[in-house]
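Student: Next comes the structure file run33.cif, holding mmCIF, C-alpha atoms.
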data_start
#
loop_
_atom_site.label_atom_id
_atom_site.label_comp_id
_atom_site.auth_asym_id
_atom_site.auth_seq_id
_atom_site.Cartn_x
_atom_site.Cartn_y
_atom_site.Cartn_z
CA MET A 58 26.79 3.30 -13.69
CA GLN A 59 26.69 -0.44 -14.29
CA VAL A 60 26.59 -2.85 -11.35
CA THR A 61 27.07 -6.54 -12.09
CA ARG A 62 27.69 -8.23 -8.73
CA LYS A 63 26.35 -11.67 -9.44
CA ASN A 64 26.00 -12.68 -5.79
CA GLU A 65 24.30 -9.52 -4.60
CA THR A 66 20.60 -9.08 -3.85
CA LEU A 67 18.83 -6.23 -5.60
CA VAL A 68 15.84 -4.72 -3.81
CA ILE A 69 13.59 -2.76 -6.14
CA GLY A 70 11.81 -0.02 -4.21
CA ALA A 71 12.91 2.10 -1.23
CA GLY A 72 9.58 2.09 0.56
CA LEU A 73 9.02 0.54 3.97
CA SER A 74 8.99 -3.04 2.62
CA GLY A 75 12.14 -2.58 0.56
CA LEU A 76 14.01 -0.84 3.36
CA ALA A 77 13.03 -3.51 5.89
CA THR A 78 14.18 -6.27 3.55
CA ALA A 79 17.49 -4.54 2.88
CA ARG A 80 18.10 -4.25 6.62
CA ALA A 81 17.31 -7.92 7.19
CA LEU A 82 19.70 -8.96 4.43
CA ALA A 83 22.51 -6.65 5.57
CA GLY A 84 22.03 -7.83 9.15
CA ARG A 85 22.84 -11.36 8.01
CA GLY A 86 26.02 -10.22 6.30
CA LEU A 87 24.53 -10.45 2.81
CA PRO A 88 25.40 -7.81 0.18
CA VAL A 89 22.39 -5.80 -0.96
CA THR A 90 21.68 -2.78 -3.14
CA ILE A 91 18.40 -0.85 -3.41
CA LEU A 92 17.12 0.58 -6.71
CA GLU A 93 14.59 3.41 -6.37
CA ALA A 94 12.90 5.12 -9.31
CA GLN A 95 12.23 8.32 -7.37
CA HIS A 96 14.89 10.75 -6.17
CA ARG A 97 14.16 10.25 -2.46
CA VAL A 98 12.49 7.75 -0.16
CA ALA A 99 8.81 7.83 0.76
CA GLU A 100 7.71 9.70 -2.37
CA PRO A 101 4.27 8.01 -2.49
CA TRP A 102 3.65 9.10 1.11
CA ARG A 103 4.61 12.69 0.29
CA GLN A 104 2.05 12.73 -2.52
CA ARG A 105 -0.88 11.76 -0.27
CA HIS A 106 -3.13 14.45 1.15
CA PRO A 107 -1.62 16.49 4.01
CA ALA A 108 -4.23 15.54 6.62
CA LEU A 109 -3.64 11.81 6.15
CA ARG A 110 -3.04 9.69 9.24
CA LEU A 111 -2.27 5.99 9.42
CA ASN A 112 -5.25 3.85 10.40
CA ILE A 113 -2.96 1.36 12.12
CA HIS A 114 -1.92 1.74 15.76
CA ARG A 115 1.49 3.29 16.43
CA HIS A 116 2.54 0.01 18.06
CA PHE A 117 2.34 -1.67 14.64
CA ALA A 118 4.06 1.17 12.77
CA ARG A 119 7.53 0.27 13.99
CA LEU A 120 10.24 -0.79 11.56
CA PRO A 121 12.76 -3.55 12.35
CA GLY A 122 15.27 -1.86 14.64
CA GLN A 123 13.38 1.46 14.85
CA LYS A 124 10.37 2.30 16.99
CA ALA A 125 7.56 4.47 15.68
CA PRO A 126 7.54 8.12 16.81
CA HIS A 127 5.23 9.02 19.71
CA ASP A 128 4.62 12.71 18.95
CA ASP A 129 1.37 12.18 17.03
CA GLY A 130 -0.35 9.98 19.57
CA VAL A 131 -1.89 6.70 18.44
CA PHE A 132 -2.07 7.30 14.67
CA LEU A 133 0.92 8.76 12.82
CA LYS A 134 0.54 11.75 10.51
CA ARG A 135 1.69 11.66 6.90
CA ASP A 136 4.75 13.83 7.45
CA THR A 137 5.73 11.79 10.51
CA VAL A 138 5.68 8.62 8.41
CA VAL A 139 7.90 10.31 5.82
CA ALA A 140 10.42 11.34 8.49
CA HIS A 141 10.23 7.84 10.01
CA LEU A 142 11.24 6.28 6.67
CA GLU A 143 13.89 8.92 5.93
CA ARG A 144 15.56 8.29 9.26
CA TYR A 145 15.45 4.54 8.70
CA ALA A 146 17.00 4.76 5.23
CA ALA A 147 19.78 7.03 6.48
CA ARG A 148 20.78 4.48 9.13
CA LEU A 149 20.79 1.41 6.89
CA GLY A 150 24.33 1.63 5.59
CA VAL A 151 23.10 0.12 2.33
CA PRO A 152 23.65 1.77 -1.08
CA ILE A 153 20.48 3.22 -2.59
CA HIS A 154 20.53 4.17 -6.27
CA PHE A 155 17.93 6.93 -6.55
CA GLY A 156 16.50 7.96 -9.90
CA THR A 157 16.97 4.40 -11.16
CA ALA A 158 13.80 3.06 -12.75
CA VAL A 159 13.72 -0.65 -13.57
CA THR A 160 12.71 -1.31 -17.17
CA GLY A 161 13.15 -5.06 -17.44
CA ILE A 162 13.71 -8.24 -15.41
CA ASP A 163 14.73 -11.54 -17.01
CA ARG A 164 16.36 -14.78 -16.02
CA ALA A 165 20.07 -14.87 -16.77
CA GLY A 166 21.73 -18.23 -16.08
CA ASP A 167 21.43 -18.95 -12.38
CA GLY A 168 20.48 -15.36 -11.58
CA TRP A 169 18.57 -12.35 -12.83
CA ALA A 170 19.38 -9.57 -15.28
CA VAL A 171 17.80 -6.22 -14.42
CA THR A 172 17.81 -3.36 -16.90
CA THR A 173 17.36 0.17 -15.62
CA THR A 174 17.52 3.77 -16.74
CA ASN A 175 21.03 3.85 -15.22
CA GLY A 176 22.39 0.69 -16.84
CA PRO A 177 22.21 -3.06 -16.28
CA PHE A 178 22.44 -4.95 -13.00
CA HIS A 179 22.90 -8.66 -12.40
CA ALA A 180 22.10 -10.50 -9.19
CA ALA A 181 21.36 -13.94 -7.80
CA HIS A 182 18.29 -12.55 -6.00
CA VAL A 183 15.84 -9.78 -6.85
CA VAL A 184 13.22 -8.50 -4.40
CA ILE A 185 10.22 -6.64 -5.84
CA ALA A 186 9.08 -4.09 -3.24
CA THR A 187 7.30 -1.54 -5.42
CA GLY A 188 4.02 -1.77 -3.53
CA ARG A 189 0.46 -2.92 -3.91
CA ASP A 190 -0.82 0.65 -4.31
CA ARG A 191 1.62 1.83 -6.94
CA GLU A 192 -0.84 2.98 -9.62
CA PRO A 193 -4.26 4.57 -8.95
CA TYR A 194 -6.99 2.60 -10.68
CA ILE A 195 -9.95 4.29 -12.39
CA PRO A 196 -12.64 2.20 -14.12
CA ASP A 197 -13.20 2.84 -17.80
CA TRP A 198 -16.59 4.49 -17.36
CA PRO A 199 -18.32 5.46 -20.62
CA GLY A 200 -18.23 9.21 -21.22
CA ARG A 201 -15.84 10.01 -18.38
CA GLU A 202 -13.78 12.32 -20.59
CA SER A 203 -16.91 14.36 -21.25
CA PHE A 204 -17.51 15.16 -17.58
CA ASP A 205 -17.80 18.93 -17.11
CA GLY A 206 -16.72 19.01 -13.48
CA GLU A 207 -13.52 18.18 -11.63
CA PHE A 208 -12.50 14.53 -11.64
CA LEU A 209 -9.71 13.07 -9.50
CA HIS A 210 -8.56 9.89 -7.83
CA ALA A 211 -8.45 9.67 -4.04
CA ALA A 212 -4.65 9.52 -4.29
CA ASP A 213 -4.72 13.15 -5.45
CA LEU A 214 -7.17 14.39 -2.81
CA GLY A 215 -5.09 17.27 -1.46
CA ASP A 216 -6.59 19.77 0.98
CA THR A 217 -10.28 18.84 1.43
CA SER A 218 -11.22 22.36 2.51
CA ARG A 219 -11.12 23.32 -1.18
CA PHE A 220 -14.37 21.39 -1.67
CA ASP A 221 -16.32 23.67 0.67
CA GLY A 222 -19.54 24.82 -0.98
CA LYS A 223 -19.26 22.17 -3.72
CA ARG A 224 -21.33 19.09 -4.52
CA VAL A 225 -19.03 16.09 -4.17
CA LEU A 226 -19.54 12.51 -5.33
CA VAL A 227 -17.20 9.92 -3.78
CA VAL A 228 -17.16 6.66 -5.74
CA GLY A 229 -16.40 3.82 -3.36
CA ALA A 230 -16.76 3.47 0.40
CA GLY A 231 -13.91 1.10 1.19
CA ASN A 232 -10.74 1.98 3.06
CA SER A 233 -9.73 4.93 0.84
CA GLY A 234 -13.32 6.04 0.27
CA SER A 235 -14.09 6.15 3.99
CA ASP A 236 -10.87 8.10 4.55
CA VAL A 237 -12.02 10.68 2.00
CA LEU A 238 -15.44 10.88 3.67
CA ASN A 239 -13.92 11.25 7.14
CA HIS A 240 -11.99 14.29 5.92
CA LEU A 241 -14.83 15.82 3.91
CA VAL A 242 -17.23 15.87 6.87
CA ARG A 243 -14.76 18.00 8.84
CA HIS A 244 -15.36 20.76 6.30
CA ASP A 245 -18.41 22.28 4.62
CA PRO A 246 -19.18 20.86 1.16
CA ALA A 247 -22.63 21.70 -0.14
CA GLU A 248 -23.46 18.04 -0.69
CA VAL A 249 -21.66 14.71 -0.28
CA LEU A 250 -22.83 11.64 -2.16
CA VAL A 251 -21.14 8.25 -1.95
CA SER A 252 -21.65 5.72 -4.70
CA VAL A 253 -21.55 2.12 -3.51
CA ARG A 254 -21.64 -1.11 -5.51
CA HIS A 255 -20.97 -3.59 -2.69
CA GLY A 256 -21.17 -2.18 0.80
CA PRO A 257 -18.02 -2.17 2.94
CA ALA A 258 -17.30 -3.75 6.30
CA VAL A 259 -17.07 -0.74 8.62
CA VAL A 260 -15.29 -0.68 11.97
CA PRO A 261 -15.04 2.13 14.53
CA THR A 262 -11.68 3.71 15.24
CA ARG A 263 -12.19 3.18 18.97
CA VAL A 264 -14.30 0.92 21.16
CA PHE A 265 -14.92 2.21 24.70
CA GLY A 266 -12.00 4.58 24.13
CA LEU A 267 -9.60 1.81 23.13
CA PRO A 268 -8.15 2.02 19.61
CA LEU A 269 -9.60 -1.09 17.96
CA HIS A 270 -6.47 -1.76 15.93
CA ARG A 271 -4.45 -2.33 19.12
CA LEU A 272 -6.16 -5.75 19.18
CA ALA A 273 -4.93 -6.66 15.69
CA ARG A 274 -2.78 -9.58 16.85
CA ILE A 275 -5.84 -11.17 18.40
CA PHE A 276 -7.75 -10.72 15.14
CA ALA A 277 -4.87 -12.23 13.18
CA ALA A 278 -4.98 -15.37 15.34
CA LEU A 279 -8.67 -16.05 14.65
CA PRO A 280 -10.16 -17.82 11.61
CA ALA A 281 -12.38 -15.89 9.22
CA ALA A 282 -15.35 -17.99 10.34
CA VAL A 283 -15.03 -16.34 13.75
CA LEU A 284 -13.89 -12.92 12.60
CA ASP A 285 -16.68 -12.23 10.12
CA PRO A 286 -19.56 -12.49 12.61
CA ALA A 287 -17.49 -10.76 15.29
CA PHE A 288 -16.94 -7.73 13.07
CA ARG A 289 -20.59 -7.70 12.00
CA ILE A 290 -21.63 -7.62 15.65
CA THR A 291 -19.08 -4.89 16.42
CA GLN A 292 -20.37 -2.78 13.55
CA ARG A 293 -23.98 -3.21 14.65
CA LEU A 294 -23.30 -2.53 18.34
CA PHE A 295 -21.11 0.56 17.92
CA LEU A 296 -22.26 2.02 14.61
CA GLY A 297 -25.86 0.82 14.35
CA ASN A 298 -27.79 -0.53 11.39
CA LEU A 299 -26.14 1.33 8.51
CA ALA A 300 -28.44 -0.33 5.97
CA ARG A 301 -31.19 1.97 7.24
CA HIS A 302 -29.14 4.84 5.88
CA GLY A 303 -28.45 3.12 2.55
CA LEU A 304 -25.03 1.65 3.37
CA LYS A 305 -25.43 -2.09 3.02
CA SER A 306 -22.77 -4.63 3.94
CA HIS A 307 -20.94 -6.83 1.47
CA PRO A 308 -22.26 -10.43 1.54
CA ASP A 309 -18.75 -11.63 2.38
CA GLY A 310 -17.41 -10.68 5.79
CA GLY A 311 -14.65 -8.16 6.41
CA GLY A 312 -12.20 -10.76 7.66
CA THR A 313 -12.76 -12.95 4.62
CA ARG A 314 -12.31 -10.07 2.20
CA LEU A 315 -9.08 -8.92 3.86
CA LEU A 316 -7.52 -12.39 3.96
CA ARG A 317 -8.77 -13.55 0.57
CA ASP A 318 -8.85 -10.39 -1.54
CA GLY A 319 -6.69 -7.90 0.33
CA VAL A 320 -9.65 -5.54 0.77
CA ALA A 321 -9.18 -3.50 3.95
CA PHE A 322 -11.97 -2.42 6.28
CA ALA A 323 -13.60 1.00 6.06
CA ILE A 324 -12.61 2.95 9.18
CA ASP A 325 -15.16 5.29 10.73
CA ASP A 326 -13.70 8.51 12.07
CA GLY A 327 -16.75 10.72 11.71
CA PHE A 328 -18.38 9.74 8.42
CA VAL A 329 -20.96 7.40 10.02
CA ALA A 330 -22.36 10.19 12.21
CA ALA A 331 -22.54 12.42 9.14
CA LEU A 332 -24.34 9.66 7.24
CA LYS A 333 -26.92 9.32 10.02
CA ALA A 334 -27.33 13.09 10.17
CA GLY A 335 -28.07 13.26 6.45
CA ARG A 336 -24.83 15.07 5.54
CA ILE A 337 -23.84 12.09 3.39
CA ARG A 338 -26.26 10.33 1.07
CA VAL A 339 -25.67 6.89 -0.44
CA VAL A 340 -26.43 6.43 -4.15
CA PRO A 341 -26.13 3.40 -6.46
CA SER A 342 -23.03 2.47 -8.44
CA VAL A 343 -21.77 4.64 -11.29
CA GLU A 344 -22.57 3.49 -14.83
CA GLY A 345 -21.16 6.35 -16.88
CA PHE A 346 -20.89 10.09 -17.51
CA ASP A 347 -22.79 12.45 -19.75
CA GLY A 348 -21.50 16.01 -19.67
CA ALA A 349 -22.36 17.42 -16.26
CA GLN A 350 -24.31 14.31 -15.24
CA VAL A 351 -23.17 11.05 -13.67
CA GLN A 352 -25.38 8.13 -14.64
CA LEU A 353 -26.21 5.65 -11.87
CA SER A 354 -27.13 1.97 -12.08
CA ASP A 355 -30.77 2.51 -11.06
CA GLY A 356 -31.37 4.80 -14.05
CA THR A 357 -31.12 8.05 -12.11
CA ALA A 358 -28.39 10.66 -12.39
CA CYS A 359 -26.63 13.25 -10.23
CA ARG A 360 -24.80 16.48 -11.09
CA PRO A 361 -21.75 16.82 -8.83
CA ASP A 362 -19.16 19.56 -9.12
CA VAL A 363 -16.43 17.11 -8.12
CA VAL A 364 -16.06 13.34 -8.54
CA ILE A 365 -13.51 11.59 -6.34
CA ALA A 366 -12.76 8.03 -7.48
CA ALA A 367 -11.87 5.98 -4.41
CA THR A 368 -11.62 2.95 -6.65
CA GLY A 369 -8.38 1.40 -5.48
CA TYR A 370 -4.95 0.80 -6.92
CA ARG A 371 -3.03 -1.65 -9.07
CA THR A 372 0.54 -2.93 -8.79
CA GLY A 373 1.52 -1.99 -12.36
CA LEU A 374 3.72 -5.09 -12.50
CA GLU A 375 2.29 -6.59 -15.68
CA ARG A 376 4.58 -4.59 -17.95
CA LEU A 377 7.65 -5.66 -16.00
CA LEU A 378 6.85 -9.24 -15.03
CA GLY A 379 3.95 -10.39 -17.19
CA HIS A 380 6.19 -12.70 -19.23
CA LEU A 381 7.34 -14.62 -16.14
CA ASP A 382 3.93 -15.99 -15.08
CA VAL A 383 4.34 -14.81 -11.48
CA LEU A 384 1.18 -12.66 -11.29
CA ASP A 385 -2.47 -13.59 -10.90
CA ARG A 386 -5.26 -12.27 -13.10
CA SER A 387 -5.53 -9.05 -11.07
CA GLY A 388 -1.80 -8.31 -11.40
CA GLN A 389 -0.95 -9.35 -7.84
CA PRO A 390 2.05 -11.59 -7.14
CA ARG A 391 1.16 -15.22 -6.47
CA HIS A 392 3.78 -15.23 -3.70
CA PRO A 393 3.18 -11.76 -2.22
CA MET A 394 4.87 -11.93 1.17
CA GLY A 395 8.34 -13.36 0.82
CA GLU A 396 7.33 -16.92 0.01
CA ARG A 397 9.74 -18.96 -2.09
CA ASP A 398 8.67 -19.58 -5.70
CA ALA A 399 10.12 -22.89 -6.88
CA ALA A 400 9.51 -21.96 -10.52
CA ASN A 401 11.40 -18.66 -10.17
CA PRO A 402 14.26 -19.17 -7.71
CA GLY A 403 15.76 -15.91 -6.54
CA LEU A 404 12.72 -13.75 -7.32
CA TRP A 405 10.89 -12.44 -4.25
CA PHE A 406 7.98 -10.12 -3.47
CA THR A 407 7.17 -8.05 -0.39
CA GLY A 408 4.58 -5.39 0.41
CA PHE A 409 1.75 -6.88 -1.61
CA ARG A 410 -0.51 -8.46 1.02
CA PRO A 411 -2.34 -6.51 3.73
CA ILE A 412 -2.63 -8.24 7.08
CA PHE A 413 -4.53 -7.32 10.24
CA THR A 414 -1.49 -5.78 11.91
CA GLY A 415 -0.75 -3.60 8.86
CA TYR A 416 1.89 -3.12 6.19
CA PHE A 417 4.73 -2.28 8.58
CA ASP A 418 4.34 -5.58 10.39
CA ALA A 419 3.90 -7.41 7.09
CA ALA A 420 7.16 -5.83 5.89
CA ARG A 421 8.99 -7.22 8.92
CA ILE A 422 7.58 -10.72 8.44
CA ALA A 423 8.40 -10.82 4.73
CA ALA A 424 11.86 -9.30 5.26
CA ASP A 425 12.87 -12.02 7.71
CA ARG A 426 11.41 -14.71 5.47
CA ILE A 427 13.35 -13.49 2.43
CA ALA A 428 16.61 -12.87 4.30
CA ASP A 429 16.51 -16.30 5.93
CA ALA A 430 15.97 -17.94 2.53
CA VAL A 431 18.75 -15.95 0.84
CA ALA A 432 21.12 -16.76 3.71
CA ALA A 433 20.23 -20.46 3.41
CA ASP A 434 20.99 -20.35 -0.32
CA SER A 435 24.28 -18.64 0.43
CA ARG A 436 25.24 -21.38 2.91
CA ARG A 437 24.55 -24.00 0.25
CA HIS A 438 26.97 -22.20 -2.07
CA PRO A 439 29.92 -21.18 0.16
CA ALA A 440 32.04 -19.96 -2.75
CA ALA A 441 29.29 -17.55 -3.75
CA ARG A 442 28.97 -16.48 -0.13
CA GLU A 443 32.65 -15.61 0.11
CA SER A 444 32.47 -13.70 -3.17
CA GLY A 445 29.36 -11.91 -1.99
CA ALA A 446 30.95 -10.98 1.33
CA HIS A 447 33.91 -9.50 -0.54
CA ALA A 448 31.50 -7.46 -2.68
CA ALA A 449 29.72 -6.28 0.45
CA ARG A 450 33.01 -5.05 1.93
CA ALA A 451 33.77 -3.24 -1.32
CA VAL A 452 30.38 -1.52 -1.20
CA THR A 453 30.88 -0.49 2.42
CA THR A 454 34.30 1.04 1.93
CA ARG A 455 33.79 2.94 -1.31
CA PRO A 456 32.72 6.62 -1.20
CA ALA A 457 28.96 7.19 -1.17
CA GLN A 458 27.34 8.09 -4.44
CA ALA A 459 25.86 11.50 -4.93
CA GLY A 460 22.24 11.35 -3.84
CA ALA A 461 22.64 8.01 -2.07
CA SER A 462 21.58 9.45 1.29
CA PRO A 463 18.02 10.71 1.64
CA THR A 464 17.51 14.27 2.68
#
Mind turning this structure into structure tokens?

Tutor:
Amino acid sequence: MQVTRKNETLVIGAGLSGLATARALAGRGLPVTILEAQHRVAEPWRQRHPALRLNIHRHFARLPGQKAPHDDGVFLKRDTVVAHLERYAARLGVPIHFGTAVTGIDRAGDGWAVTTTNGPFHAAHVVIATGRDREPYIPDWPGRESFDGEFLHAADLGDTSRFDGKRVLVVGAGNSGSDVLNHLVRHDPAEVLVSVRHGPAVVPTRVFGLPLHRLARIFAALPAAVLDPAFRITQRLFLGNLARHGLKSHPDGGGTRLLRDGVAFAIDDGFVAALKAGRIRVVPSVEGFDGAQVQLSDGTACRPDVVIAATGYRTGLERLLGHLDVLDRSGQPRHPMGERDAANPGLWFTGFRPIFTGYFDAARIAADRIADAVAADSRRHPAARESGAHAARAVTTRPAQAGASPT
């Protein structure tokens, strides 16, 4: 099907950021359509390991107009997050074109032309909400294809009990690496090594029984010059001197790295105690692979049965947007959180910058920012607004497409 409503906003991605933006736009009376490459919402969440829990407090996992479920306690389970997003999408009243992968975005007059696997679309505004963690990233280590054991990315972790009795090497101890370690130590692997290049900033899940993330708004109000030493002191007081156990800290503070680079904290939920007890051993960074051996930067080697690369993610936007000069050298949008781009009017991004309160709260902030800007543009062009409102009524009254409602 071809959709060519010039005055409509297209939101690319039916994740939490895309859904929140669509709601904000619709709530202002602005016509909006969502394009989603998968055949249902929350597909990336469904693909994460079954024991996954959010590391943000339930209070910050609400969506605009919908509170977070309370059944899981403070930190929501993976399947609860999926149901949370499904319920939200079903209540939006906004058309979602599932199974519609975007293959191209280009300027077209005073708007944007979007090509997809289901035909062309045209819109005055396009919102990219495909996510910061869209594509697992694995470094191009020499000899990796020759590795004799099992190799996987943390995104494909699955049930960690299957590693019982095996020697496991986790590469990276950041947010995803610490999550892997927290789950591994609840089971019985024969050996757990963690390869670290630059040590992470580690924070406890709770302080005196209080979930630390409940204080995120306070953290967000403080400058990095205050946050960095505060988190260092918190780590030392509640987790001890981890350098004694081989886990050094990055020279830049945790607050600085989050705000500047988008690197989240490592969250301790059991792995620090295992490190101190000798159940986890820190080794230097990985240099390459040679058959059954993994070569390390100090010239030594280890022979794990399983290597889990907790080496982060990439946006995968270069192929789609590289010609528009809207990305930085790492492939991240230069305007990641709903900021207006004067050089590319009508092109918006959301879901690409982590903040202290988490991605759900960031989605709300960016959604309001984008919707306010689109509404302001609509007011400056009243004829377009009237045409757009007519299109919105047409969308509302026509029969729903097959597959337009998530199951």

Student: Report, in Å with one decimal, the straight-line distance from CA of Pro390 (chain A) to CA of Gly75 (chain A).

Tutor: 15.6 Å

Student: Here is a test: counting all atoms listed in the file, which residue of A:Pro280, A:Pro261, A:Gly161, A:Gly311 is nearest to Leu296 (chain A)?

Tutor: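 Among the listed residues, the smallest separation from Leu296 (chain A) belongs to A:Pro261.
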
Student: So, with all atoms listed in the file as the atoms that count, which of A:Ala281, A:Leu67, A:Ala108, A:Ala366 lies closest to Ala180 (chain A)?

Tutor: A:Leu67

Student: Nearest to Gly256 (chain A): which of A:Gly310, A:Gly72, A:Pro268, A:Pro177 is it, counting all atoms listed in the file?

Tutor: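 Using all atoms listed in the file, the shortest distance to Gly256 (chain A) belongs to A:Gly310.
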
Student: Which residues come within 12 Å of Thr357 (chain A), counting all atoms listed in the file, excluding same-chain residues fewer than 4 positions away, as a list in words?

Tutor: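 Neighbouring residues, sequence-local ones excluded: Val340, Pro341, Ser342, Val343, Glu344, Gly345, Phe346, Gln350, Val351, Gln352 and Leu353 of chain A.
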
Student: Restricting the calculation to all atoms listed in the file: of A:Val98, A:Lys134, A:Leu209, A:Pro199, which residue gets closest to Phe155 (chain A)?

Tutor: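 Nearest candidate to Phe155 (chain A) out of A:Val98, A:Lys134, A:Leu209, A:Pro199: A:Val98.
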
Student: A:Ala230, A:Ala81, A:Leu73, A:Leu214: which is nearest Arg426 (chain A), counting all atoms listed in the file?

Tutor: A:Ala81

Student: Run the PyMOL selection byres ((chain A and resi 251) around 9) on the file and write out the hits as a VMD selection string.

Tutor: chain A and resid 225 to 230 234 238 249 to 250 252 to 253 337 to 342

Student: Put those residues in a file: C-alpha atoms, as a PDB file, keeping the file's coordinate frame.

Tutor:
ATOM      1  CA  VAL A 225     -19.030  16.090  -4.170  1.00  0.00           C
ATOM      2  CA  LEU A 226     -19.540  12.510  -5.330  1.00  0.00           C
ATOM      3  CA  VAL A 227     -17.200   9.920  -3.780  1.00  0.00           C
ATOM      4  CA  VAL A 228     -17.160   6.660  -5.740  1.00  0.00           C
ATOM      5  CA  GLY A 229     -16.400   3.820  -3.360  1.00  0.00           C
ATOM      6  CA  ALA A 230     -16.760   3.470   0.400  1.00  0.00           C
ATOM      7  CA  GLY A 234     -13.320   6.040   0.270  1.00  0.00           C
ATOM      8  CA  LEU A 238     -15.440  10.880   3.670  1.00  0.00           C
ATOM      9  CA  VAL A 249     -21.660  14.710  -0.280  1.00  0.00           C
ATOM     10  CA  LEU A 250     -22.830  11.640  -2.160  1.00  0.00           C
ATOM     11  CA  SER A 252     -21.650   5.720  -4.700  1.00  0.00           C
ATOM     12  CA  VAL A 253     -21.550   2.120  -3.510  1.00  0.00           C
ATOM     13  CA  ILE A 337     -23.840  12.090   3.390  1.00  0.00           C
ATOM     14  CA  ARG A 338     -26.260  10.330   1.070  1.00  0.00           C
ATOM     15  CA  VAL A 339     -25.670   6.890  -0.440  1.00  0.00           C
ATOM     16  CA  VAL A 340     -26.430   6.430  -4.150  1.00  0.00           C
ATOM     17  CA  PRO A 341     -26.130   3.400  -6.460  1.00  0.00           C
ATOM     18  CA  SER A 342     -23.030   2.470  -8.440  1.00  0.00           C
TER      19      SER A 342
END

Student: When you count all atoms listed in the file, which of these residues is closest to Val320 (chain A): A:Asn401, A:Thr368, A:Thr137, A:Thr291?

Tutor: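 Smallest separation from Val320 (chain A) among the options: A:Thr368.
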
Student: If you apply the PyMOL selection byres ((chain A and resi 109) around 9) to this file, what residues do you get, as a list in words?

Tutor: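 That expression, the PyMOL selection byres ((chain A and resi 109) around 9), corresponds here to Arg105, His106, Pro107, Ala108, Arg110, Leu111, Leu133, Lys134, Arg135, Asp136, Asp236 and His240 of chain A.
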
Student: Just give me the gap between CA of Val363 (chain A) and CA of Gly200 (chain A) in Å, one decimal is fine.

Tutor: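 Between CA of Val363 (chain A) and CA of Gly200 (chain A) the gap works out to 15.4 Å.
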
Student: Can you tell me how far CA of Trp198 (chain A) sits from CA of Phe322 (chain A), in Å to one decimal?

Tutor: 25.1 Å
